[in-house]
Amino acid sequence: MSSQARNPRFQKGQTESSKAFTASVSFDWRLLPYDIQGSKAHSAMLVHQGVISAEEGELIAQGLDQILARWQAGELEPRLDWEDVHMNVEGQLFAQIGPIAGKLHTARSRNDQVSLDMHLYMRAVGWDLTAKTLGLLSALIHRAENDFDVIVPGYTHLQAAQPVLLAHHWMAYVAMLERDLSRIDDWRERLDASPLGAGALAGTPYPTEPEYTAQLLGFSGVYHNSLDAVSDRDFLLEFLSWSAILGMHLSRLGEELVLWSSQEFGYVHMDDAYATGSSMMPQKKNPDVAELMRGKAGRLNGNLMTLLTVMKGLPLAYDSDMQEDKEAVFDTVDTLSGLLPVAQGMLETLSVDRRRIGARLGQDYTRATDIADLLVKQGMPFRQAYHQVGGVVGRLESTGRSFDAISDQELAEYLPGISRSDIEALSPDQLVKARGQSLGTAPDAVTGQIRAAKSRVHQRMEALASRP
Ligand code: ARG
């Protein structure tokens, strides 16, 4: 009797459409290497506990290795009538080694098995996405170093506010990505528990050793409660939420680059390798990568909502609804795996238009706060100084002039005691230099931010290289 023979409890098999509807093998096939890894550990534990013989364990392990080799060579086809990746592996093992294959499922359910597979998969993916996030973060730090001489208008409400170093702007994204990395580290700690041994829901009456398999698989511990072990998907929800937040950061960066590469701004130019043309308008160079960086946030958010909604209201323990976790998680993994390196490449090759930015800076009123501060230095209360400068900006703006074109009469009327040269001295360089707190935009401060971030990145790179 093959391992996949119909359970005599059923008088007939599923209809084709019901089978196709309930099967997950079309999308859980990528779990196969992790399924094999988990099964080998489970089989070793069964041997260790004397539940199966050493010879049987050896046969099972060899059979599993061969299945993995065929999967890696692309020679293994998923079979829909075997429902999911777990039953496919069992079916293949039976074809390979005969009825001994049926011993592998002793003291194990697909419920603890699938959770284990997802833990193992997420552990690998988590490190990969950590490495990719670090790559993007390093590119941003590199940009900050290369663009250190550039001052841009900083914005609030997307209205030119005060000048900042472009490096300072890039380093703000470094700060966001560093938080993302610290969040994934935190997640990794909670991911570090093996659900194996929970069986279907209650544990198993066999002398299984969950700690033994956990250790073989490199987990530091075992779930505390079997019902929770098979029904917990927090580790996936946290990952999806991590991804959604990271995706939101990338989306903001994408939007800024779309904006900055427009003709209206012209601060940056995308390398041709990261832009596309229009099918109709020959002059167009579209910032597709940046646009999609912005747009992918939609599916990342959607995937989080999918799983939150699937899990809401589910009774303990395992329910088939939970099979819906995979496509959401895999889509998020694939989206970020593609997005992060492309975003990195785009940033590395971006060129900054110093001329356009320079021309733009002289024309705006981003010195206004600092001019008010000059009045404050002479003893005027800030709020009054604020109104004086607001008045002169309104006047200048209505006649299309910058501060440099202020008349003597306006000076005397609005800015008593301030000379033309006082105003001229408030160059973007000076304004930036004046903001010297550790978190400010002065060159010394930003140099400090860069130095500190580089040393943290260095530590992260080392942790990544020596990961378990
Ligand atoms: N394919 C299932 C999933 O992805 C595996 C667990 C199925 N367990 C069950 N009792 N039907 O969730």
# chains A, B, ... in the order shown; residues from 1 in each chain; ligands from 1
>>> select_by_dssp(residues="range 85-305 of chain A", states="alpha helix (DSSP H)", output="NGL selection string")
:A and (85-97 or 110-146 or 166-191 or 210-216 or 226-231 or 234-260 or 288-295 or 297-305)
>>> closest_atom_pairs(of="range 278-369 of chain A", to="range 194-215 of chain A", cutoff="10 Å", atoms="only C-alpha atoms", output="tab-separated table")
residue	atom	partner	partner_atom	distance
A:Leu316	CA	A:Leu201	CA	8.8
A:Ala317	CA	A:Leu201	CA	6.4
A:Tyr318	CA	A:Leu201	CA	7.4
>>> select_by_dssp(residues="range 21-253 of chain A", states="strand (DSSP E or B)", output="PyMOL selection string")
chain A and resi 151-156+159-165+194+222
>>> closest_atom_pairs(of="chain A", to="ligand 1", cutoff="7 Å", atoms="only C-alpha atoms and all ligand atoms", output="Markdown table")
| residue | atom | partner | partner_atom_place_in_ligand_line | distance |
| --- | --- | --- | --- | --- |
| A:Ala23 | CA | ligand 1 | 1 (N) | 7.0 |
| A:Ser24 | CA | ligand 1 | 1 (N) | 5.4 |
| A:Asp84 | CA | ligand 1 | 1 (N) | 5.1 |
| A:Arg110 | CA | ligand 1 | 6 (C) | 4.7 |
| A:Asn111 | CA | ligand 1 | 6 (C) | 4.8 |
| A:Val114 | CA | ligand 1 | 5 (C) | 5.4 |
| A:Ser320 | CA | ligand 1 | 12 (O) | 6.0 |
| A:Met322 | CA | ligand 1 | 12 (O) | 5.4 |
| A:Gln323 | CA | ligand 1 | 12 (O) | 3.6 |
>>> closest_atom_pairs(of="range 286-364 of chain A", to="range 429-437 of chain A", cutoff="12 Å", atoms="only C-alpha atoms", output="tab-separated table")
residue	atom	partner	partner_atom	distance
A:Gly358	CA	A:Asp429	CA	11.3
A:Leu361	CA	A:Asp429	CA	10.8
A:Gly362	CA	A:Asp429	CA	11.4
>>> write_last_selection(atoms="N, CA, C and O atoms", output="compact mmCIF listing (two decimals), in the first residue's frame")
# COMPACT_ATOMS: atom_id res chain seq x y z
N GLY A 358 22.21 74.21 -6.65
CA GLY A 358 22.82 75.48 -6.25
C GLY A 358 21.95 76.66 -6.70
O GLY A 358 21.69 77.59 -5.92
N LEU A 361 18.85 76.97 -4.55
CA LEU A 361 19.04 77.38 -3.16
C LEU A 361 19.07 78.89 -2.99
O LEU A 361 18.49 79.42 -2.05
N GLY A 362 19.74 79.60 -3.91
CA GLY A 362 19.86 81.05 -3.78
C GLY A 362 18.52 81.76 -3.85
O GLY A 362 18.35 82.85 -3.33
>>> closest_atom_pairs(of="range 293-346 of chain A", to="range 258-261 of chain A", cutoff="12 Å", atoms="only C-alpha atoms", output="JSON lines")
{"residue": "A:Met293", "atom": "CA", "partner": "A:Val258", "partner_atom": "CA", "distance": 9.9}
{"residue": "A:Arg294", "atom": "CA", "partner": "A:Val258", "partner_atom": "CA", "distance": 9.0}
{"residue": "A:Gly295", "atom": "CA", "partner": "A:Val258", "partner_atom": "CA", "distance": 11.5}
{"residue": "A:Met346", "atom": "CA", "partner": "A:Val258", "partner_atom": "CA", "distance": 11.9}
>>> write_last_selection(atoms="all heavy atoms", output="mmCIF file, in the first residue's frame")
data_model
loop_
_atom_site.group_PDB
_atom_site.id
_atom_site.type_symbol
_atom_site.label_atom_id
_atom_site.label_comp_id
_atom_site.auth_asym_id
_atom_site.auth_seq_id
_atom_site.Cartn_x
_atom_site.Cartn_y
_atom_site.Cartn_z
ATOM 1 N N MET A 293 9.466 51.317 -6.363
ATOM 2 C CA MET A 293 9.908 51.307 -4.968
ATOM 3 C C MET A 293 8.791 51.917 -4.109
ATOM 4 O O MET A 293 8.530 51.481 -3.001
ATOM 5 C CB MET A 293 11.131 52.241 -4.910
ATOM 6 C CG MET A 293 12.185 51.876 -3.972
ATOM 7 S SD MET A 293 13.594 52.933 -4.398
ATOM 8 C CE MET A 293 14.167 53.205 -2.752
ATOM 9 N N ARG A 294 8.165 52.944 -4.641
ATOM 10 C CA ARG A 294 7.048 53.596 -3.964
ATOM 11 C C ARG A 294 5.814 52.693 -4.015
ATOM 12 O O ARG A 294 5.121 52.497 -3.033
ATOM 13 C CB ARG A 294 6.780 54.924 -4.682
ATOM 14 C CG ARG A 294 5.725 55.795 -4.079
ATOM 15 C CD ARG A 294 5.605 57.094 -4.879
ATOM 16 N NE ARG A 294 5.258 56.865 -6.277
ATOM 17 C CZ ARG A 294 5.259 57.801 -7.230
ATOM 18 N NH1 ARG A 294 5.622 59.032 -6.938
ATOM 19 N NH2 ARG A 294 4.911 57.510 -8.461
ATOM 20 N N GLY A 295 5.579 52.103 -5.182
ATOM 21 C CA GLY A 295 4.340 51.354 -5.395
ATOM 22 C C GLY A 295 4.295 49.983 -4.732
ATOM 23 O O GLY A 295 3.211 49.484 -4.407
ATOM 24 N N MET A 346 20.250 51.544 -8.055
ATOM 25 C CA MET A 346 19.794 52.855 -8.514
ATOM 26 C C MET A 346 20.475 53.970 -7.720
ATOM 27 O O MET A 346 20.929 54.961 -8.294
ATOM 28 C CB MET A 346 18.280 52.967 -8.369
ATOM 29 C CG MET A 346 17.757 54.307 -8.798
ATOM 30 S SD MET A 346 16.034 54.537 -8.390
ATOM 31 C CE MET A 346 16.057 54.289 -6.652
#
>>> residues_around(residues="Pro287 in chain A", least_positions_apart="4", cutoff="9 Å", atoms="only C-alpha atoms", output="JSON, numbers by chain")
{"A": [257, 258, 261, 262, 270, 274, 275, 276, 291, 292]}
>>> decode(residues="range 262-273 of chain A", atoms="all heavy atoms", output="CSV table (one decimal), in the first residue's frame")
chain,number,residue,atom,x,y,z
A,262,SER,N,12.3,64.9,-11.4
A,262,SER,CA,11.4,65.6,-12.3
A,262,SER,C,12.1,66.8,-12.9
A,262,SER,O,13.0,67.3,-12.3
A,262,SER,CB,10.1,65.9,-11.6
A,262,SER,OG,10.4,67.0,-10.7
A,263,GLN,N,11.6,67.3,-14.0
A,263,GLN,CA,12.1,68.5,-14.6
A,263,GLN,C,12.0,69.7,-13.7
A,263,GLN,O,12.8,70.6,-13.6
A,263,GLN,CB,11.4,68.8,-16.0
A,263,GLN,CG,11.9,68.0,-17.1
A,263,GLN,CD,11.5,66.5,-17.0
A,263,GLN,OE1,10.3,66.3,-16.6
A,263,GLN,NE2,12.3,65.6,-17.3
A,264,GLU,N,10.9,69.7,-12.9
A,264,GLU,CA,10.7,70.8,-12.0
A,264,GLU,C,11.8,70.9,-10.9
A,264,GLU,O,12.2,72.0,-10.5
A,264,GLU,CB,9.3,70.7,-11.3
A,264,GLU,CG,8.1,71.0,-12.3
A,264,GLU,CD,7.9,70.0,-13.4
A,264,GLU,OE1,8.4,68.9,-13.3
A,264,GLU,OE2,7.3,70.4,-14.4
A,265,PHE,N,12.2,69.8,-10.4
A,265,PHE,CA,13.2,69.8,-9.4
A,265,PHE,C,14.6,69.7,-10.1
A,265,PHE,O,15.4,70.5,-9.9
A,265,PHE,CB,13.1,68.6,-8.4
A,265,PHE,CG,12.2,68.9,-7.3
A,265,PHE,CD1,10.8,68.9,-7.5
A,265,PHE,CD2,12.6,69.2,-6.0
A,265,PHE,CE1,9.9,69.2,-6.4
A,265,PHE,CE2,11.8,69.5,-4.9
A,265,PHE,CZ,10.4,69.4,-5.1
A,266,GLY,N,14.8,68.6,-10.8
A,266,GLY,CA,16.1,68.3,-11.5
A,266,GLY,C,17.3,68.2,-10.5
A,266,GLY,O,18.4,68.5,-10.9
A,267,TYR,N,17.1,67.8,-9.3
A,267,TYR,CA,18.2,67.6,-8.4
A,267,TYR,C,19.0,66.4,-8.7
A,267,TYR,O,20.2,66.4,-8.4
A,267,TYR,CB,17.7,67.4,-6.9
A,267,TYR,CG,17.0,68.6,-6.3
A,267,TYR,CD1,16.5,68.5,-5.0
A,267,TYR,CD2,16.8,69.8,-6.9
A,267,TYR,CE1,15.9,69.5,-4.3
A,267,TYR,CE2,16.2,70.9,-6.3
A,267,TYR,CZ,15.7,70.7,-5.0
A,267,TYR,OH,15.1,71.8,-4.4
A,268,VAL,N,18.4,65.4,-9.2
A,268,VAL,CA,19.1,64.1,-9.5
A,268,VAL,C,18.8,63.6,-10.9
A,268,VAL,O,17.7,63.9,-11.4
A,268,VAL,CB,18.8,63.0,-8.4
A,268,VAL,CG1,19.2,63.4,-7.0
A,268,VAL,CG2,17.4,62.6,-8.5
A,269,HIS,N,19.7,62.8,-11.4
A,269,HIS,CA,19.4,62.1,-12.7
A,269,HIS,C,19.6,60.7,-12.5
A,269,HIS,O,20.7,60.3,-11.9
A,269,HIS,CB,20.3,62.7,-13.8
A,269,HIS,CG,20.2,64.2,-13.9
A,269,HIS,ND1,19.1,64.7,-14.6
A,269,HIS,CD2,21.0,65.2,-13.5
A,269,HIS,CE1,19.2,66.1,-14.5
A,269,HIS,NE2,20.4,66.4,-13.9
A,270,MET,N,18.7,59.9,-12.9
A,270,MET,CA,18.8,58.4,-12.8
A,270,MET,C,19.8,57.9,-13.9
A,270,MET,O,19.7,58.5,-15.0
A,270,MET,CB,17.5,57.7,-13.1
A,270,MET,CG,16.3,58.1,-12.2
A,270,MET,SD,16.7,57.6,-10.6
A,270,MET,CE,15.3,58.4,-9.7
A,271,ASP,N,20.6,57.0,-13.5
A,271,ASP,CA,21.4,56.3,-14.6
A,271,ASP,C,20.4,55.7,-15.6
A,271,ASP,O,19.3,55.2,-15.2
A,271,ASP,CB,22.3,55.3,-13.9
A,271,ASP,CG,23.3,54.7,-14.9
A,271,ASP,OD1,24.3,55.3,-15.0
A,271,ASP,OD2,23.0,53.7,-15.5
A,272,ASP,N,20.8,55.6,-16.8
A,272,ASP,CA,19.9,55.0,-17.9
A,272,ASP,C,19.6,53.6,-17.5
A,272,ASP,O,18.5,53.1,-17.9
A,272,ASP,CB,20.6,55.1,-19.2
A,272,ASP,CG,20.5,56.5,-19.8
A,272,ASP,OD1,19.9,57.4,-19.2
A,272,ASP,OD2,21.1,56.7,-20.9
A,273,ALA,N,20.5,52.9,-16.8
A,273,ALA,CA,20.2,51.5,-16.5
A,273,ALA,C,19.1,51.3,-15.5
A,273,ALA,O,18.6,50.2,-15.3
A,273,ALA,CB,21.5,50.9,-15.9
